[in-house]
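*Asks:* The structure's right below; bear with me while I get my questions together.
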Amino acid sequence: MNYLQNIGAYFFMIAEMFRKPTKRSVMIKLILKEIEDLVISSLGIVAFISFFVGGVITIQTALNITNPLIPKYLVGFATRQSVILEFAPTFISIIMAGKVGSFITSSIGTMRVTEQIDALEVMGVNSINYLVFPKTVAMMLYPFVISIAMFLGIIGGMAACVYGGFSTLEDYIRGVQIDFIPYHMAYAFIKTIVFAFILATIPSFHGYYMKGGALEVGKASTVAFVWTSVVIILLNYILTQMLLS
Amino acid sequence: MIRVTDLHKAFDNTEVLKGVSTTFEQGKTNLVIGQSGSGKTVFLKCLLGLFDYNAGSIEYDDHKFTELSDDEKRNLRSKIGMVFQGSALFDSMTIEENVMFPLRMFTNQSESEMRDRAHIVLKRVNLDNAQYKMPSEASGGMQKRVAIARAIVNNPKYLFCDEPNSGLDPKTAIVIDNLIQEITKEYNMVTVINSHDMNSVMEIGEKIVFLKDGEKAWEGSKETIFRTDNEAVSNFVYSSNLFKKVREMYLKG
């Protein structure tokens, strides 16, 4: 019953986000600030993880290819497919649920605890639009982050492959280029856009509707991370079924 | 003027407000007093529209709050200033930006006009050199004064204060009380203050509403509170020996 109530409240929040918009000049500044806080500040960790996980995918693929009849360029092919289809859009989104999600929940939750959200409401500001909408718009640049993750994952794989002596650079590049299906990029970016929306709104929901004090802010951040991850994994399955099968 | 008639509010099955009726007049500092859990904050949040109430009515200058359209409610709220118990300043903004916030949201003033207005009200609350500080760098008393400056920057008709003296030393508390009273006269506002600070009651209580267990148990002023024979209000106001002696001396003349 409580779950149903929360789902209803979540969709109510989404609808409220588009009502009574904040003044455009104020909103533009808020969006730019959120782009810096949510997107730009995540680039470092995303780049680091992508590069090394790309390398690990390559090494594991190469080590599992023992049959001499399987061509060496398959390492590059497998790395590309893994990174583009699954690692960059989904794995990075789970990491972002921890990094960006907990930031969003704790910052909005702290505003709730310290009555800053009440202050906005009393002034006649639509606090949901003021707080959640700029985060959602900023997260629409998330595909840009995922593009970097894809690129660095493949580069990381290339470095591991060549310097680990698993195949030549030419073989790896050939594998990366072979049988490329552009629709897979479209599939990855459709998933990314959906995940971006989830990453902005579910943590906002948990922060906005939290009750209690500082301890509850921490609990809300944890709950937000769990639910964001669960929804991303479920939607990943549904979208893959819809778009690829 | 704000008129409250037979206000009821319940959470689940617990009735917090049980038919409160009163009137708050313009240019006066109206105090709502009572013990913790007596329903003061719920009463204030009902007045502000932060809580929906179950029965009764709240009228702002003869306009029933529940009958206003969304636009009219938004318009009314732009005429309301609020000082929260914990100040509720925006952490990510400087003191100046906090004060300019209502102007930025609801007026079309230029940056320099907003800045000038913010400086005027900051000067009014004796904070003319603190505009570039962050709220976390300001003391409790300063934060309260910034909250007052932010509340009055847009020339409100109504000012609400939720325990403006909580966490302040007695001297700073009196400064804040007097500031609120002076500003109430200056701006000719309806000011409603939630308090359980007896110094405030004696200092600025032009009208006092005493709530007990969600009901209005007594209504009067700082002058009449000395003579009241209402047991509930006497037990609350004169619970300390100091105030008992003050009362005795007052009654002896």
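Chain labels follow the order of the structure tokens: the first chain is A, the next B, and so on; residue numbering restarts at 1 in every chain, and ligands are counted from 1 in their shown order.
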Got a sec: who's within 8 Å of region 32-42 of chain B, counting only C-alpha atoms, leaving out chain neighbours fewer than 2 positions off, as a count of residues only?

*Replies:* 21

*Asks:* Residues of chain A were defined as contacting chain B if any atom lay at most 7 Å from it, counting only C-alpha atoms; please report them as number ranges by chain.

*Replies:* A: 23, 114-116, 119, 122-124

*Asks:* Check region 59-125 of chain B with DSSP on the backbone and list each residue it calls helix (DSSP H, G or I), as number ranges by chain.

*Replies:* B: 65-67, 70-77, 95-106, 111-124

*Asks:* Quick one: everything within 12 Å of Phe91 (chain A), counting only C-alpha atoms, minus sequence neighbours fewer than 6 positions away in the same chain. Send it as a list in words.

*Replies:*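 Those residues are Val46, Ile49, Ser50, Val53, Gly54, Ser82, Val83, Ile84, Leu85, Ala97, Gly98, Ile146, Ala149, Met150, Gly153, Ala188, Lys191, Thr192, Phe195, Ser229, Ile232, Ile233 and Asn236 of chain A.
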
*Asks:* Please dump the current selection as a PDB file, in the first residue's frame; keep C-alpha atoms.

*Replies:*
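again_31.pdb was written with the following content:
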```pdb
ATOM      1  CA  VAL A  46      33.293   8.383 -15.017  1.00  0.00           C
ATOM      2  CA  ILE A  49      36.101   3.946 -14.137  1.00  0.00           C
ATOM      3  CA  SER A  50      35.395   3.672 -17.879  1.00  0.00           C
ATOM      4  CA  VAL A  53      36.713  -1.306 -16.743  1.00  0.00           C
ATOM      5  CA  GLY A  54      37.195  -1.179 -20.541  1.00  0.00           C
ATOM      6  CA  SER A  82      29.984  -4.734 -24.091  1.00  0.00           C
ATOM      7  CA  VAL A  83      30.933  -1.106 -23.575  1.00  0.00           C
ATOM      8  CA  ILE A  84      28.368   0.434 -25.915  1.00  0.00           C
ATOM      9  CA  LEU A  85      25.418  -1.811 -25.160  1.00  0.00           C
ATOM     10  CA  ALA A  97      22.922   6.683  -8.805  1.00  0.00           C
ATOM     11  CA  GLY A  98      25.411   6.585  -5.952  1.00  0.00           C
ATOM     12  CA  ILE A 146      28.038   8.346 -21.525  1.00  0.00           C
ATOM     13  CA  ALA A 149      32.461   6.649 -21.050  1.00  0.00           C
ATOM     14  CA  MET A 150      32.040   4.693 -24.311  1.00  0.00           C
ATOM     15  CA  GLY A 153      36.099   2.288 -22.283  1.00  0.00           C
ATOM     16  CA  ALA A 188      22.249   3.001 -25.903  1.00  0.00           C
ATOM     17  CA  LYS A 191      18.406   4.049 -22.491  1.00  0.00           C
ATOM     18  CA  THR A 192      20.720   6.838 -21.329  1.00  0.00           C
ATOM     19  CA  PHE A 195      18.144   6.671 -17.013  1.00  0.00           C
ATOM     20  CA  SER A 229      19.353   1.251  -9.020  1.00  0.00           C
ATOM     21  CA  ILE A 232      17.391   1.426 -13.715  1.00  0.00           C
ATOM     22  CA  ILE A 233      17.899  -2.355 -13.775  1.00  0.00           C
ATOM     23  CA  ASN A 236      17.146  -1.707 -18.667  1.00  0.00           C
TER      24      ASN A 236
END
```

*Asks:* If you run DSSP on the backbone here, which positions in region 14-217 of chain B get strand (DSSP E or B)? Please write them as a VMD selection string.

*Replies:* chain B and resid 14 to 24 29 to 33 55 to 60 63 to 64 80 to 84 87 158 to 162 190 to 195 207 to 212 215 to 217

*Asks:* Which residues, written as a PyMOL selection string, have at least one atom at most 12 Å from Cys161 (chain A), with only C-alpha atoms counted and residues fewer than 4 positions away on the same chain left out?

*Replies:* chain A and resi 52+54-63+72-76+79+154-157+165-173+175

*Asks:* Got time to write the residues from that selection, C-alpha atoms, as a PDB file, in the first residue's frame?

*Replies:*
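Below is the file that was written, again-v9.pdb:
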```pdb
ATOM      1  CA  PHE A  52      39.911   0.716 -16.399  1.00  0.00           C
ATOM      2  CA  GLY A  54      37.195  -1.179 -20.541  1.00  0.00           C
ATOM      3  CA  GLY A  55      40.641  -2.649 -19.939  1.00  0.00           C
ATOM      4  CA  VAL A  56      39.266  -5.384 -17.672  1.00  0.00           C
ATOM      5  CA  ILE A  57      36.602  -6.371 -20.234  1.00  0.00           C
ATOM      6  CA  THR A  58      39.310  -6.719 -22.884  1.00  0.00           C
ATOM      7  CA  ILE A  59      41.618  -8.792 -20.683  1.00  0.00           C
ATOM      8  CA  GLN A  60      38.818 -11.140 -19.598  1.00  0.00           C
ATOM      9  CA  THR A  61      37.596 -11.565 -23.169  1.00  0.00           C
ATOM     10  CA  ALA A  62      41.116 -12.220 -24.460  1.00  0.00           C
ATOM     11  CA  LEU A  63      41.844 -14.749 -21.712  1.00  0.00           C
ATOM     12  CA  LYS A  72      41.999 -12.187 -32.556  1.00  0.00           C
ATOM     13  CA  TYR A  73      39.966  -9.172 -33.656  1.00  0.00           C
ATOM     14  CA  LEU A  74      37.054 -10.619 -31.699  1.00  0.00           C
ATOM     15  CA  VAL A  75      38.565  -9.056 -28.564  1.00  0.00           C
ATOM     16  CA  GLY A  76      37.977  -5.545 -29.949  1.00  0.00           C
ATOM     17  CA  THR A  79      34.839  -4.948 -25.948  1.00  0.00           C
ATOM     18  CA  ILE A 154      37.160   1.318 -25.800  1.00  0.00           C
ATOM     19  CA  ILE A 155      40.452   3.232 -25.456  1.00  0.00           C
ATOM     20  CA  GLY A 156      41.098   1.510 -22.109  1.00  0.00           C
ATOM     21  CA  GLY A 157      40.417  -1.808 -23.767  1.00  0.00           C
ATOM     22  CA  GLY A 165      50.108  -8.494 -25.554  1.00  0.00           C
ATOM     23  CA  PHE A 166      46.702 -10.091 -26.199  1.00  0.00           C
ATOM     24  CA  SER A 167      46.503  -8.930 -29.844  1.00  0.00           C
ATOM     25  CA  THR A 168      47.887  -6.269 -32.130  1.00  0.00           C
ATOM     26  CA  LEU A 169      46.589  -2.736 -32.381  1.00  0.00           C
ATOM     27  CA  GLU A 170      45.427  -3.426 -35.934  1.00  0.00           C
ATOM     28  CA  ASP A 171      43.417  -6.468 -34.836  1.00  0.00           C
ATOM     29  CA  TYR A 172      41.807  -4.548 -31.991  1.00  0.00           C
ATOM     30  CA  ILE A 173      40.850  -1.619 -34.234  1.00  0.00           C
ATOM     31  CA  GLY A 175      37.397  -5.677 -34.172  1.00  0.00           C
TER      32      GLY A 175
END
```

*Asks:* Could you tell me which of A:Val125, A:Val226, A:Val100, A:Ala9 comes closest to Glu36 (chain A) if we count only C-alpha atoms?

*Replies:*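 For Glu36 (chain A), the nearest of the candidates is A:Val100.
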
*Asks:* For CA of Thr201 (chain A) and CA of Val132 (chain A), determine how far apart the two atoms are, in Å to one decimal place.

*Replies:*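 According to the coordinates, CA of Thr201 (chain A) and CA of Val132 (chain A) are separated by 6.9 Å.
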
*Asks:* Need to verify the contact set: Ser42 (chain A), 10 Å, only C-alpha atoms, exclusion of same-chain residues closer than 4 positions in sequence. Can you return it as a list of chain:residue names?

*Replies:*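 The filter keeps A:Ile35, A:Glu36, A:Asp37, A:Leu38, A:Val46, A:Ala47, A:Met96, A:Lys99, A:Val100, A:Tyr142, A:Val145.
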
*Asks:* Contacts of Gln81 (chain A) at 10 Å or less, counting only C-alpha atoms, minus same-chain residues fewer than 6 places along, as a PDB file with N, CA and C atoms, in the first residue's frame?

*Replies:*
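Written file, part_11.pdb:
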```pdb
ATOM      1  N   PHE A  87      27.879  -1.658 -20.611  1.00  0.00           N
ATOM      2  CA  PHE A  87      28.716  -1.058 -19.581  1.00  0.00           C
ATOM      3  C   PHE A  87      28.472   0.445 -19.443  1.00  0.00           C
ATOM      4  N   ILE A 154      36.536   1.977 -24.641  1.00  0.00           N
ATOM      5  CA  ILE A 154      37.160   1.318 -25.800  1.00  0.00           C
ATOM      6  C   ILE A 154      38.666   1.626 -25.840  1.00  0.00           C
ATOM      7  N   VAL A 176      36.939  -3.462 -33.378  1.00  0.00           N
ATOM      8  CA  VAL A 176      36.070  -2.352 -32.947  1.00  0.00           C
ATOM      9  C   VAL A 176      35.197  -1.874 -34.115  1.00  0.00           C
ATOM     10  N   PHE A 180      29.657  -3.076 -37.264  1.00  0.00           N
ATOM     11  CA  PHE A 180      29.090  -2.011 -36.421  1.00  0.00           C
ATOM     12  C   PHE A 180      27.648  -1.715 -36.855  1.00  0.00           C
ATOM     13  N   ILE A 181      26.750  -1.740 -35.899  1.00  0.00           N
ATOM     14  CA  ILE A 181      25.336  -1.457 -36.204  1.00  0.00           C
ATOM     15  C   ILE A 181      24.973  -0.106 -35.556  1.00  0.00           C
ATOM     16  N   HIS A 184      22.585   0.320 -32.552  1.00  0.00           N
ATOM     17  CA  HIS A 184      23.002   0.014 -31.178  1.00  0.00           C
ATOM     18  C   HIS A 184      23.348   1.299 -30.410  1.00  0.00           C
TER      19      HIS A 184
END
```

*Asks:* Ranking B:Asp177, B:Ser200, B:Lys28, B:Val4 by minimum distance to Gly56 (chain B) and counting only C-alpha atoms, which one comes first?

*Replies:* B:Val4

*Asks:* Out of B:Glu97, B:Asp52, B:Glu231, B:Glu67, which residue has the shortest atom-to-atom distance to Met114 (chain B) when counting only C-alpha atoms?

*Replies:*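 That would be B:Glu97, the residue with the smallest distance to Met114 (chain B).
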